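Structure file data37.txt (compact mmCIF, C-alpha atoms) follows.
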```txt
# COMPACT_ATOMS: atom_id res chain seq x y z
CA MET A 1 78.88 188.86 196.13
CA GLY A 2 77.75 186.48 198.83
CA LEU A 3 75.24 187.40 201.48
CA THR A 4 76.06 189.31 204.65
CA GLN A 5 75.78 187.50 207.96
CA ARG A 6 72.47 189.22 208.65
CA GLN A 7 71.09 188.27 205.26
CA GLU A 8 72.07 184.65 205.85
CA LYS A 9 70.36 184.80 209.23
CA ILE A 10 67.17 186.22 207.74
CA ALA A 11 67.20 183.61 204.98
CA GLY A 12 67.53 180.89 207.61
CA MET A 13 64.65 182.39 209.58
CA VAL A 14 62.42 182.55 206.52
CA ARG A 15 63.37 179.02 205.68
CA SER A 16 62.48 177.56 209.05
CA LEU A 17 59.58 179.82 210.03
CA GLY A 18 58.15 181.08 206.74
CA PRO A 19 55.78 182.41 205.71
CA ILE A 20 56.82 185.12 208.12
CA THR A 21 56.10 188.87 207.99
CA GLY A 22 58.73 191.59 207.90
CA GLU A 23 57.49 192.75 211.31
CA GLN A 24 58.02 189.31 212.81
CA ILE A 25 61.55 189.11 211.41
CA ALA A 26 62.34 192.60 212.69
CA GLU A 27 61.06 191.69 216.13
CA ARG A 28 63.16 188.54 216.31
CA LEU A 29 66.29 190.40 215.22
CA ASN A 30 65.46 193.32 217.49
CA VAL A 31 65.77 195.89 214.70
CA THR A 32 63.27 198.19 213.04
CA ARG A 33 61.29 197.15 210.00
CA ALA A 34 62.96 199.96 208.05
CA ALA A 35 66.44 198.69 208.88
CA LEU A 36 65.53 195.32 207.43
CA ARG A 37 64.22 196.63 204.14
CA PRO A 38 67.50 196.56 202.16
CA ASP A 39 68.33 193.04 203.34
CA LEU A 40 64.89 191.74 202.45
CA ALA A 41 65.08 193.44 199.08
CA ILE A 42 68.34 191.68 198.31
CA LEU A 43 66.98 188.30 199.40
CA VAL A 44 63.90 188.77 197.26
CA MET A 45 65.96 189.92 194.31
CA SER A 46 68.29 186.96 194.60
CA GLY A 47 65.27 184.71 194.20
CA MET A 48 66.03 182.98 197.48
CA VAL A 49 63.03 184.50 199.24
CA GLU A 50 59.71 185.58 197.81
CA ALA A 51 57.23 188.07 199.24
CA ARG A 52 53.50 187.43 199.06
CA PRO A 53 51.21 190.35 199.98
CA LYS A 54 49.30 189.81 203.27
CA VAL A 55 51.13 186.50 203.81
CA GLY A 56 54.76 187.38 204.28
CA TYR A 57 58.12 186.13 203.14
CA TYR A 58 58.65 182.51 202.23
CA TYR A 59 61.62 180.46 201.15
CA THR A 60 61.87 179.38 197.52
CA GLY A 61 64.74 176.94 197.84
CA LYS A 62 66.71 178.88 195.25
CA ASN A 63 69.95 180.41 196.41
CA VAL A 64 73.35 181.59 195.30
CA MET A 65 74.14 177.96 194.48
CA SER A 66 71.72 178.07 191.59
CA MET A 67 73.91 180.55 189.78
CA LEU A 68 76.80 178.18 190.18
CA THR A 69 74.61 175.42 188.83
CA ASP A 70 73.76 177.54 185.80
CA GLN A 71 77.38 178.24 185.05
CA ILE A 72 78.48 174.64 185.45
CA SER A 73 75.69 173.15 183.38
CA ARG A 74 76.58 175.34 180.41
CA ILE A 75 79.96 173.65 179.90
CA LYS A 76 79.88 170.91 177.27
CA VAL A 77 81.98 167.77 176.91
CA ARG A 78 83.48 169.15 173.68
CA ASP A 79 84.88 172.09 175.63
CA ILE A 80 87.18 169.94 177.76
CA GLN A 81 87.48 166.49 176.12
CA SER A 82 90.85 164.84 175.37
CA VAL A 83 92.06 162.91 172.36
CA PRO A 84 91.07 159.20 172.48
CA VAL A 85 93.71 156.47 172.64
CA VAL A 86 92.66 153.41 170.66
CA VAL A 87 93.87 149.92 169.72
CA THR A 88 92.21 147.15 167.71
CA SER A 89 90.69 144.05 169.26
CA SER A 90 93.46 141.76 168.00
CA THR A 91 96.12 143.79 169.85
CA SER A 92 97.73 141.79 172.67
CA VAL A 93 97.02 142.87 176.23
CA TYR A 94 100.75 143.52 176.55
CA ASP A 95 100.78 145.94 173.63
CA ALA A 96 97.62 147.62 174.89
CA VAL A 97 99.31 148.26 178.23
CA VAL A 98 102.42 149.56 176.51
CA THR A 99 100.13 151.99 174.66
CA MET A 100 98.60 153.02 178.00
CA PHE A 101 102.05 153.80 179.37
CA LEU A 102 103.27 155.59 176.27
CA GLU A 103 100.16 157.77 176.14
CA ASP A 104 99.84 157.96 179.93
CA VAL A 105 96.16 157.05 179.98
CA GLY A 106 94.20 154.83 182.36
CA SER A 107 92.01 153.27 179.66
CA VAL A 108 92.26 152.46 175.97
CA PHE A 109 89.31 152.12 173.64
CA ILE A 110 89.08 149.13 171.33
CA VAL A 111 87.92 150.03 167.84
CA GLU A 112 87.32 148.27 164.55
CA PRO A 113 88.36 149.90 161.26
CA ALA A 114 86.51 153.19 160.73
CA GLY A 115 86.90 153.93 164.43
CA ILE A 116 83.77 152.06 165.54
CA LEU A 117 83.81 151.48 169.31
CA THR A 118 83.72 147.83 170.39
CA GLY A 119 85.31 147.81 173.84
CA VAL A 120 87.19 149.51 176.66
CA VAL A 121 90.11 148.20 178.71
CA SER A 122 91.29 149.86 181.91
CA ARG A 123 94.40 149.45 184.06
CA LYS A 124 92.18 147.71 186.58
CA ASP A 125 91.05 145.11 183.98
CA VAL A 126 94.64 144.35 183.03
CA LEU A 127 95.82 144.19 186.62
CA LYS A 128 93.20 141.54 187.33
CA VAL A 129 94.47 139.18 184.59
CA ALA A 130 98.11 140.00 185.42
CA LEU A 131 97.47 138.83 189.00
CA GLY A 132 96.04 135.62 187.60
CA GLY A 133 99.39 134.94 185.93
CA SER A 134 98.10 134.95 182.32
CA ASP A 135 100.58 135.52 179.49
CA LEU A 136 99.79 139.08 178.48
CA HIS A 137 101.72 138.74 175.21
CA LYS A 138 99.46 136.00 173.92
CA MET A 139 96.10 137.22 175.18
CA PRO A 140 94.26 139.53 172.76
CA VAL A 141 92.75 142.57 174.39
CA LYS A 142 89.23 141.59 173.31
CA VAL A 143 89.28 138.73 175.84
CA LEU A 144 89.22 141.09 178.80
CA MET A 145 87.66 144.26 177.41
CA THR A 146 84.30 145.56 178.52
CA PRO A 147 82.36 145.10 175.27
CA MET A 148 79.56 147.12 173.69
CA PRO A 149 76.76 147.66 174.54
CA LYS A 150 77.89 147.67 178.18
CA ILE A 151 80.08 150.73 177.67
CA VAL A 152 78.82 154.02 179.07
CA VAL A 153 79.47 156.79 176.54
CA THR A 154 79.07 160.53 176.21
CA SER A 155 78.79 162.92 173.28
CA PRO A 156 80.38 166.31 172.54
CA ASP A 157 77.07 168.09 173.12
CA GLU A 158 76.36 166.55 176.49
CA SER A 159 76.98 168.78 179.50
CA VAL A 160 80.12 167.93 181.47
CA LEU A 161 77.82 167.77 184.47
CA ALA A 162 75.73 164.94 182.99
CA ALA A 163 78.87 163.13 181.82
CA ALA A 164 80.53 163.50 185.23
CA LYS A 165 77.41 162.01 186.80
CA LYS A 166 77.76 158.99 184.48
CA ILE A 167 81.41 158.58 185.55
CA ILE A 168 80.44 158.66 189.23
CA ASP A 169 77.30 156.53 188.97
CA ASN A 170 78.98 153.85 186.84
CA GLU A 171 82.26 153.93 188.77
CA VAL A 172 84.45 154.35 185.70
CA ASP A 173 87.50 156.56 185.20
CA SER A 174 86.65 157.80 181.73
CA LEU A 175 84.00 157.83 179.02
CA PRO A 176 84.49 157.50 175.27
CA VAL A 177 83.14 160.59 173.51
CA VAL A 178 81.25 159.25 170.50
CA ALA A 179 79.33 160.31 167.43
CA ILE A 180 76.61 158.13 165.95
CA ALA A 181 77.78 156.64 162.66
CA ASP A 182 76.19 154.38 160.07
CA HIS A 183 78.12 151.14 160.05
CA GLN A 184 77.15 147.93 158.29
CA GLU A 185 73.56 149.12 158.11
CA THR A 186 73.25 149.52 161.87
CA LYS A 187 73.85 152.50 164.11
CA ALA A 188 77.26 152.40 165.76
CA TYR A 189 79.46 154.71 167.80
CA GLU A 190 82.50 156.33 166.27
CA VAL A 191 85.06 157.28 168.93
CA ILE A 192 86.01 160.94 168.66
CA GLY A 193 87.28 161.77 172.13
CA ARG A 194 87.80 160.85 175.74
CA LEU A 195 86.43 162.44 178.91
CA THR A 196 88.28 161.54 182.11
CA LYS A 197 88.18 162.37 185.80
CA THR A 198 91.36 164.32 185.11
CA ASN A 199 89.48 166.55 182.65
CA ILE A 200 86.87 167.16 185.33
CA ALA A 201 89.41 167.83 188.08
CA ARG A 202 91.20 170.27 185.77
CA LEU A 203 87.92 172.04 184.98
CA PHE A 204 87.19 172.24 188.70
CA VAL A 205 90.55 173.97 189.23
CA GLU A 206 89.87 176.36 186.35
CA LEU A 207 86.43 177.25 187.72
CA GLY A 208 87.88 177.72 191.19
CA GLU A 209 90.55 180.04 189.80
CA GLY A 210 88.00 182.01 187.80
CA ARG A 211 89.35 180.72 184.50
CA GLY A 212 86.34 178.64 183.52
CA GLY A 213 84.76 181.29 181.32
CA GLU A 214 86.71 180.16 178.28
CA HIS A 215 84.71 176.94 178.27
CA TYR A 216 81.31 178.46 177.75
CA SER A 217 80.43 177.69 174.19
CA MET B 218 69.70 182.97 189.32
CA GLY B 219 71.88 183.98 186.35
CA LEU B 220 71.54 187.33 184.61
CA THR B 221 68.71 188.18 182.23
CA GLN B 222 69.47 189.38 178.74
CA ARG B 223 68.79 192.96 179.78
CA GLN B 224 71.08 192.67 182.77
CA GLU B 225 73.85 191.32 180.54
CA LYS B 226 73.28 194.26 178.19
CA ILE B 227 73.46 196.78 181.01
CA ALA B 228 76.62 195.14 182.35
CA GLY B 229 78.17 195.42 178.90
CA MET B 230 77.17 199.07 178.69
CA VAL B 231 78.65 199.88 182.09
CA ARG B 232 81.78 198.01 181.10
CA SER B 233 82.36 199.92 177.90
CA LEU B 234 80.98 203.34 178.87
CA GLY B 235 81.28 203.51 182.67
CA PRO B 236 81.14 205.44 184.82
CA ILE B 237 77.65 206.01 183.51
CA THR B 238 74.55 207.27 185.35
CA GLY B 239 71.30 205.39 185.67
CA GLU B 240 69.64 208.11 183.59
CA GLN B 241 72.12 207.61 180.77
CA ILE B 242 71.58 203.85 180.78
CA ALA B 243 67.79 204.31 180.82
CA GLU B 244 67.99 206.67 177.89
CA ARG B 245 70.10 204.31 175.82
CA LEU B 246 67.75 201.42 176.53
CA ASN B 247 64.71 203.61 175.97
CA VAL B 248 63.14 202.66 179.31
CA THR B 249 62.37 204.65 182.45
CA ARG B 250 64.85 205.00 185.26
CA ALA B 251 62.37 203.21 187.54
CA ALA B 252 62.14 200.21 185.24
CA LEU B 253 65.91 199.83 185.44
CA ARG B 254 66.14 199.90 189.19
CA PRO B 255 65.74 196.15 189.86
CA ASP B 256 68.28 195.25 187.17
CA LEU B 257 70.83 197.70 188.49
CA ALA B 258 70.24 196.46 192.02
CA ILE B 259 71.01 192.92 190.94
CA LEU B 260 74.15 193.94 189.09
CA VAL B 261 75.37 195.88 192.11
CA MET B 262 74.51 192.99 194.39
CA SER B 263 76.40 190.58 192.19
CA GLY B 264 79.49 192.70 192.65
CA MET B 265 79.84 193.04 188.90
CA VAL B 266 78.92 196.70 188.95
CA GLU B 267 79.42 199.28 191.66
CA ALA B 268 77.53 202.51 192.22
CA ARG B 269 79.34 205.67 193.28
CA PRO B 270 77.16 208.63 194.35
CA LYS B 271 77.27 211.54 191.92
CA VAL B 272 79.49 209.57 189.55
CA GLY B 273 77.42 206.66 188.37
CA TYR B 274 77.84 202.98 187.78
CA TYR B 275 81.20 201.50 186.94
CA TYR B 276 82.41 198.04 186.13
CA THR B 277 84.43 196.19 188.76
CA GLY B 278 85.73 193.38 186.61
CA LYS B 279 84.16 190.90 188.98
CA ASN B 280 81.48 188.76 187.50
CA VAL B 281 79.44 185.70 188.19
CA MET B 282 82.62 183.67 187.88
CA SER B 283 84.00 185.28 191.01
CA MET B 284 81.04 184.02 192.97
CA LEU B 285 81.78 180.57 191.70
CA THR B 286 85.39 181.03 192.73
CA ASP B 287 84.31 182.16 196.18
CA GLN B 288 82.02 179.22 196.65
CA ILE B 289 84.55 176.68 195.43
CA SER B 290 87.46 177.97 197.45
CA ARG B 291 85.49 177.68 200.69
CA ILE B 292 85.28 173.90 200.46
CA LYS B 293 87.94 172.09 202.48
CA VAL B 294 89.56 168.71 201.97
CA ARG B 295 87.97 167.49 205.22
CA ASP B 296 84.53 168.13 203.74
CA ILE B 297 84.93 165.55 200.98
CA GLN B 298 87.88 163.28 201.85
CA SER B 299 87.59 159.49 201.86
CA VAL B 300 88.93 156.91 204.30
CA PRO B 301 92.56 155.93 203.56
CA VAL B 302 93.47 152.38 202.56
CA VAL B 303 96.82 151.35 204.01
CA VAL B 304 99.24 148.41 204.10
CA THR B 305 102.67 148.03 205.71
CA SER B 306 105.92 148.07 203.74
CA SER B 307 106.54 144.34 204.19
CA THR B 308 103.21 143.48 202.52
CA SER B 309 103.73 141.70 199.20
CA VAL B 310 102.80 143.52 196.01
CA TYR B 311 100.27 140.76 195.41
CA ASP B 312 98.53 141.37 198.74
CA ALA B 313 98.64 145.12 198.20
CA VAL B 314 96.84 144.68 194.87
CA VAL B 315 94.29 142.36 196.47
CA THR B 316 93.66 145.13 199.00
CA MET B 317 93.21 147.60 196.12
CA PHE B 318 90.60 145.34 194.55
CA LEU B 319 88.79 144.60 197.80
CA GLU B 320 88.59 148.28 198.69
CA ASP B 321 88.18 149.38 195.08
CA VAL B 322 90.88 152.06 195.25
CA GLY B 323 93.50 153.07 192.71
CA SER B 324 96.27 153.61 195.28
CA VAL B 325 97.23 152.27 198.69
CA PHE B 326 99.32 154.14 201.22
CA ILE B 327 102.23 152.38 202.90
CA VAL B 328 102.46 153.12 206.61
CA GLU B 329 104.62 152.10 209.53
CA PRO B 330 103.08 151.39 212.94
CA ALA B 331 101.33 154.48 214.32
CA GLY B 332 100.09 155.26 210.82
CA ILE B 333 103.18 157.19 209.70
CA LEU B 334 103.22 157.60 205.92
CA THR B 335 106.24 156.08 204.16
CA GLY B 336 105.03 155.40 200.62
CA VAL B 337 102.30 155.23 197.99
CA VAL B 338 101.65 152.51 195.42
CA SER B 339 99.28 152.96 192.49
CA ARG B 340 97.75 150.56 189.97
CA LYS B 341 100.12 152.06 187.42
CA ASP B 342 103.19 151.20 189.56
CA VAL B 343 102.05 147.60 189.94
CA LEU B 344 101.17 147.24 186.28
CA LYS B 345 104.71 148.28 185.37
CA VAL B 346 106.32 145.48 187.42
CA ALA B 347 103.64 142.99 186.36
CA LEU B 348 104.55 143.64 182.72
CA GLY B 349 108.17 142.98 183.58
CA GLY B 350 107.18 139.50 184.72
CA SER B 351 108.23 139.85 188.38
CA ASP B 352 106.77 137.50 190.97
CA LEU B 353 104.29 139.75 192.75
CA HIS B 354 103.93 137.30 195.66
CA LYS B 355 107.59 137.58 196.63
CA MET B 356 108.17 141.26 196.02
CA PRO B 357 107.46 143.51 199.03
CA VAL B 358 105.49 146.62 198.21
CA LYS B 359 108.29 148.88 199.46
CA VAL B 360 110.40 147.93 196.41
CA LEU B 361 108.11 149.74 194.02
CA MET B 362 106.41 152.35 196.18
CA THR B 363 106.93 156.07 195.71
CA PRO B 364 108.70 156.84 199.01
CA MET B 365 108.62 159.88 201.26
CA PRO B 366 109.55 162.69 200.86
CA LYS B 367 108.55 162.46 197.20
CA ILE B 368 104.87 162.03 198.05
CA VAL B 369 102.60 165.02 197.47
CA VAL B 370 100.21 165.34 200.42
CA THR B 371 97.30 167.48 201.53
CA SER B 372 95.73 168.32 204.89
CA PRO B 373 92.12 168.49 206.10
CA ASP B 374 92.28 172.29 206.28
CA GLU B 375 93.57 172.80 202.77
CA SER B 376 91.01 173.97 200.21
CA VAL B 377 89.87 171.29 197.78
CA LEU B 378 90.86 173.75 195.08
CA ALA B 379 94.52 173.84 196.20
CA ALA B 380 94.55 170.05 196.62
CA ALA B 381 92.99 169.50 193.17
CA LYS B 382 95.70 171.72 191.71
CA LYS B 383 98.35 169.47 193.31
CA ILE B 384 96.67 166.40 191.78
CA ILE B 385 96.70 167.99 188.32
CA ASP B 386 100.16 169.54 188.53
CA ASN B 387 101.79 166.37 189.85
CA GLU B 388 99.80 164.01 187.62
CA VAL B 389 98.65 161.76 190.45
CA ASP B 390 95.25 160.17 191.04
CA SER B 391 95.03 160.81 194.75
CA LEU B 392 96.68 162.52 197.70
CA PRO B 393 97.13 161.21 201.23
CA VAL B 394 95.41 163.52 203.71
CA VAL B 395 97.87 163.87 206.59
CA ALA B 396 98.32 165.41 210.00
CA ILE B 397 101.75 166.33 211.31
CA ALA B 398 102.79 163.95 214.10
CA ASP B 399 105.82 163.64 216.34
CA HIS B 400 107.55 160.41 215.50
CA GLN B 401 110.98 159.29 216.68
CA GLU B 402 111.86 162.88 217.48
CA THR B 403 111.25 164.08 213.94
CA LYS B 404 108.15 165.48 212.30
CA ALA B 405 106.28 162.91 210.28
CA TYR B 406 102.95 162.61 208.50
CA GLU B 407 100.16 160.54 209.99
CA VAL B 408 97.74 159.36 207.30
CA ILE B 409 94.17 160.31 208.18
CA GLY B 410 92.41 160.34 204.82
CA ARG B 411 92.52 160.17 201.06
CA LEU B 412 91.53 162.73 198.45
CA THR B 413 90.97 161.37 194.94
CA LYS B 414 89.90 162.58 191.53
CA THR B 415 86.68 160.71 192.24
CA ASN B 416 86.04 162.91 195.28
CA ILE B 417 86.59 165.97 193.10
CA ALA B 418 84.38 164.69 190.26
CA ARG B 419 81.65 163.91 192.80
CA LEU B 420 81.95 167.41 194.29
CA PHE B 421 81.72 168.87 190.78
CA VAL B 422 78.46 166.96 190.25
CA GLU B 423 77.11 168.14 193.61
CA LEU B 424 77.97 171.77 192.85
CA GLY B 425 76.44 171.45 189.41
CA GLU B 426 73.26 170.05 190.91
CA GLY B 427 73.11 172.74 193.56
CA ARG B 428 73.88 170.31 196.35
CA GLY B 429 77.32 171.67 197.23
CA GLY B 430 76.13 173.83 200.11
CA GLU B 431 76.43 171.02 202.60
CA HIS B 432 80.20 171.14 202.19
CA TYR B 433 80.73 174.67 203.41
CA SER B 434 82.26 174.35 206.83
```

Any chance you could give the structure as structure tokens?
Amino acid sequence: MGLTQRQEKIAGMVRSLGPITGEQIAERLNVTRAALRPDLAILVMSGMVEARPKVGYYYTGKNVMSMLTDQISRIKVRDIQSVPVVVTSSTSVYDAVVTMFLEDVGSVFIVEPAGILTGVVSRKDVLKVALGGSDLHKMPVKVLMTPMPKIVVTSPDESVLAAAKKIIDNEVDSLPVVAIADHQETKAYEVIGRLTKTNIARLFVELGEGRGGEHYS
Amino acid sequence: MGLTQRQEKIAGMVRSLGPITGEQIAERLNVTRAALRPDLAILVMSGMVEARPKVGYYYTGKNVMSMLTDQISRIKVRDIQSVPVVVTSSTSVYDAVVTMFLEDVGSVFIVEPAGILTGVVSRKDVLKVALGGSDLHKMPVKVLMTPMPKIVVTSPDESVLAAAKKIIDNEVDSLPVVAIADHQETKAYEVIGRLTKTNIARLFVELGEGRGGEHYS
């Protein structure tokens, strides 16, 4: 839908001057009160503006953006997550990087048997030690991995919005998608997926092309 | 805003039975015509349903997703682009990677004097040669860069949606934002910015939190 230019103008007026009466708005726009009625009705219906008897119209702060917000926050991690790429902690850095290239991923997750998450290694981590001239064949990946509990994770039920915020706030490229598992009598994370900036960029494209509906679970 | 359950129901009814009059809808829902009026107004306003005098309401096929599409496609690359990080083609790979770390970017753009784009180098490119055991101090960055005209670029006026699609389709992490410049009597690209998956993920978060409005230019 979108608002007409006049509706946008009225909304702006209510925002900066409200509470303001219909008569005052009409006067400022140099139109009759009756001519304004449909526009005001639409603004009130949209929730952007509210009318209070004997006070006038005031701005609620809600707008068309809130519908967008609704739609976006309904999409869950499970709806767009990728398959995780994992190695064990005794894998050499070299082999971990080979895995990254073969699977074309920017990070691999380090797991112990039963898929319990113990670390994450990114291209950036490897590049740092490669610059230092270390022998990547001999170095096990656990030496340079970001270990638990420092790893930021997400779960299938989390909203993509909340997960994307974690990616941005923690400056990482991806999050392991985990389920809580019982492991050696303590709670641990089992890796069941991967959420990346690529997943989010792809979702953005799908939403922008009107193809996001398939993700609403 | 989002639709209420009753509005969703009416939309479904119009979709399957339309064109249908307000009276017919009221009868099926067992409410008065007057009680329906606000719901129908909202559906018409949303563009999902249209009213034709003496015919009734019919479904347009548009829905809340199209509003999302509208909003998203109005955001331009210039509204969210980052500053480009550049080196010259004689820079060593080692120094290029140091620049990547200092600026915390995943790619650097290779430019000639006057800022003309000649190449792009990513962490992935460097990691590949580092694995091969090359001396990164001696190798100039031009040896491993992706050269023009193979580089996928965007411009400040392009929609973020179109640019994001290029990122996904070409499997790259970022695009140089360029302006067309006259250079040595041929057209060339001057690098003026950088659009990354991070920019897109951040925009996604802003839209999801209802803070995207600031980007509409």

Please provide as JSON, numbers by chain all residues within 10 Å of region 19-29 of chain A, with the sequence filter that same-chain residues fewer than 6 positions apart are discarded (counting all atoms listed in the file). {"A": [6, 9, 10, 13, 35, 36, 37, 40, 49, 50, 51, 52, 53, 54, 55, 56, 57, 58, 59]}

Thr99 (chain A) environment, 9 Å, all atoms listed in the file, sequence neighbours closer than 3 positions dropped, as a list of chain:residue names: A:Val85, A:Val86, A:Val87, A:Tyr94, A:Asp95, A:Ala96, A:Leu102, A:Glu103, A:Asp104, A:Val105, A:Val108

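Overlay of chain A onto chain B (least squares, all Cα atoms, paired in order); RMSD 2.0 Å.
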
CA of Val98 (chain A) to CA of Asp342 (chain B) measures 13.2 Å

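Of the listed residues (B:Leu361, B:Ala396, B:Val370, B:Ile417), B:Ile417 comes nearest to chain A; the distances count all atoms listed in the file.
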
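If you look at CA of Ile192 (chain A) and CA of Val121 (chain A), they are 16.7 Å away from each other.
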
In file coordinates, which residues lie within 9 Å of (80.4, 150.6, 176.9) using all atoms listed in the file, given as a PyMOL selection string? chain A and resi 117-120+146-153+175-176

Could you build a table of the residues in chain A lying no more than 7 Å from chain B, giving for each the nearest pair of atoms and their separation in Å rounded to one decimal place, using only C-alpha atoms, ordered by chain and ascending residue number, as JSON lines?
```
{"residue": "A:Met1", "atom": "CA", "partner": "B:Ser263", "partner_atom": "CA", "distance": 5.0}
{"residue": "A:Met45", "atom": "CA", "partner": "B:Ile259", "partner_atom": "CA", "distance": 6.8}
{"residue": "A:Ser46", "atom": "CA", "partner": "B:Met218", "partner_atom": "CA", "distance": 6.8}
{"residue": "A:Gly47", "atom": "CA", "partner": "B:Met218", "partner_atom": "CA", "distance": 6.8}
{"residue": "A:Met65", "atom": "CA", "partner": "B:Gly427", "partner_atom": "CA", "distance": 5.4}
{"residue": "A:Ser66", "atom": "CA", "partner": "B:Met218", "partner_atom": "CA", "distance": 5.8}
{"residue": "A:Met67", "atom": "CA", "partner": "B:Met218", "partner_atom": "CA", "distance": 4.9}
{"residue": "A:Leu68", "atom": "CA", "partner": "B:Leu285", "partner_atom": "CA", "distance": 5.7}
{"residue": "A:Thr69", "atom": "CA", "partner": "B:Gly425", "partner_atom": "CA", "distance": 4.4}
{"residue": "A:Asp70", "atom": "CA", "partner": "B:Gly219", "partner_atom": "CA", "distance": 6.7}
{"residue": "A:Ile72", "atom": "CA", "partner": "B:Gly425", "partner_atom": "CA", "distance": 5.5}
{"residue": "A:Ser73", "atom": "CA", "partner": "B:Gly425", "partner_atom": "CA", "distance": 6.3}
{"residue": "A:Arg123", "atom": "CA", "partner": "B:Arg340", "partner_atom": "CA", "distance": 6.9}
{"residue": "A:Leu127", "atom": "CA", "partner": "B:Leu344", "partner_atom": "CA", "distance": 6.2}
{"residue": "A:Ala130", "atom": "CA", "partner": "B:Ala347", "partner_atom": "CA", "distance": 6.4}
{"residue": "A:Leu161", "atom": "CA", "partner": "B:Val422", "partner_atom": "CA", "distance": 5.9}
{"residue": "A:Ala164", "atom": "CA", "partner": "B:Val422", "partner_atom": "CA", "distance": 6.4}
{"residue": "A:Lys165", "atom": "CA", "partner": "B:Val422", "partner_atom": "CA", "distance": 6.1}
{"residue": "A:Ile168", "atom": "CA", "partner": "B:Arg419", "partner_atom": "CA", "distance": 6.5}
{"residue": "A:Lys197", "atom": "CA", "partner": "B:Lys414", "partner_atom": "CA", "distance": 6.0}
{"residue": "A:Thr198", "atom": "CA", "partner": "B:Lys414", "partner_atom": "CA", "distance": 6.8}
{"residue": "A:Ile200", "atom": "CA", "partner": "B:Ala418", "partner_atom": "CA", "distance": 6.1}
{"residue": "A:Ala201", "atom": "CA", "partner": "B:Ile417", "partner_atom": "CA", "distance": 6.1}
{"residue": "A:Arg202", "atom": "CA", "partner": "B:Ile385", "partner_atom": "CA", "distance": 6.5}
{"residue": "A:Phe204", "atom": "CA", "partner": "B:Phe421", "partner_atom": "CA", "distance": 6.8}
{"residue": "A:Val205", "atom": "CA", "partner": "B:Leu378", "partner_atom": "CA", "distance": 5.9}
{"residue": "A:Leu207", "atom": "CA", "partner": "B:Thr286", "partner_atom": "CA", "distance": 6.4}
{"residue": "A:Gly208", "atom": "CA", "partner": "B:Thr286", "partner_atom": "CA", "distance": 4.4}
{"residue": "A:Glu209", "atom": "CA", "partner": "B:Thr286", "partner_atom": "CA", "distance": 6.0}
{"residue": "A:Gly210", "atom": "CA", "partner": "B:Met282", "partner_atom": "CA", "distance": 5.6}
```

May I ask which of the residues A:Glu185, A:Val111, A:Pro140, A:Ser134 is the closest one to Ser90 (chain A), counting only C-alpha atoms? A:Pro140

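Proximity of B:Ile397, B:Gly410, B:Thr308, B:Gln224 to Met362 (chain B), computed with only C-alpha atoms, is greatest for B:Thr308.
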
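What separates CA of Ala405 (chain B) from CA of Ser376 (chain B) is a distance of 21.4 Å.
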
Set up a box along x, y and z of the file covering all listed atoms of region 303-306 of chain B, add 3 Å on every one of the six sides, and write the centre and edge lengths in Å to one decimal, as lines of an AutoDock Vina configuration file.
```
center_x = 101.4
center_y = 149.7
center_z = 204.7
size_x = 15.1
size_y = 9.3
size_z = 8.0
```
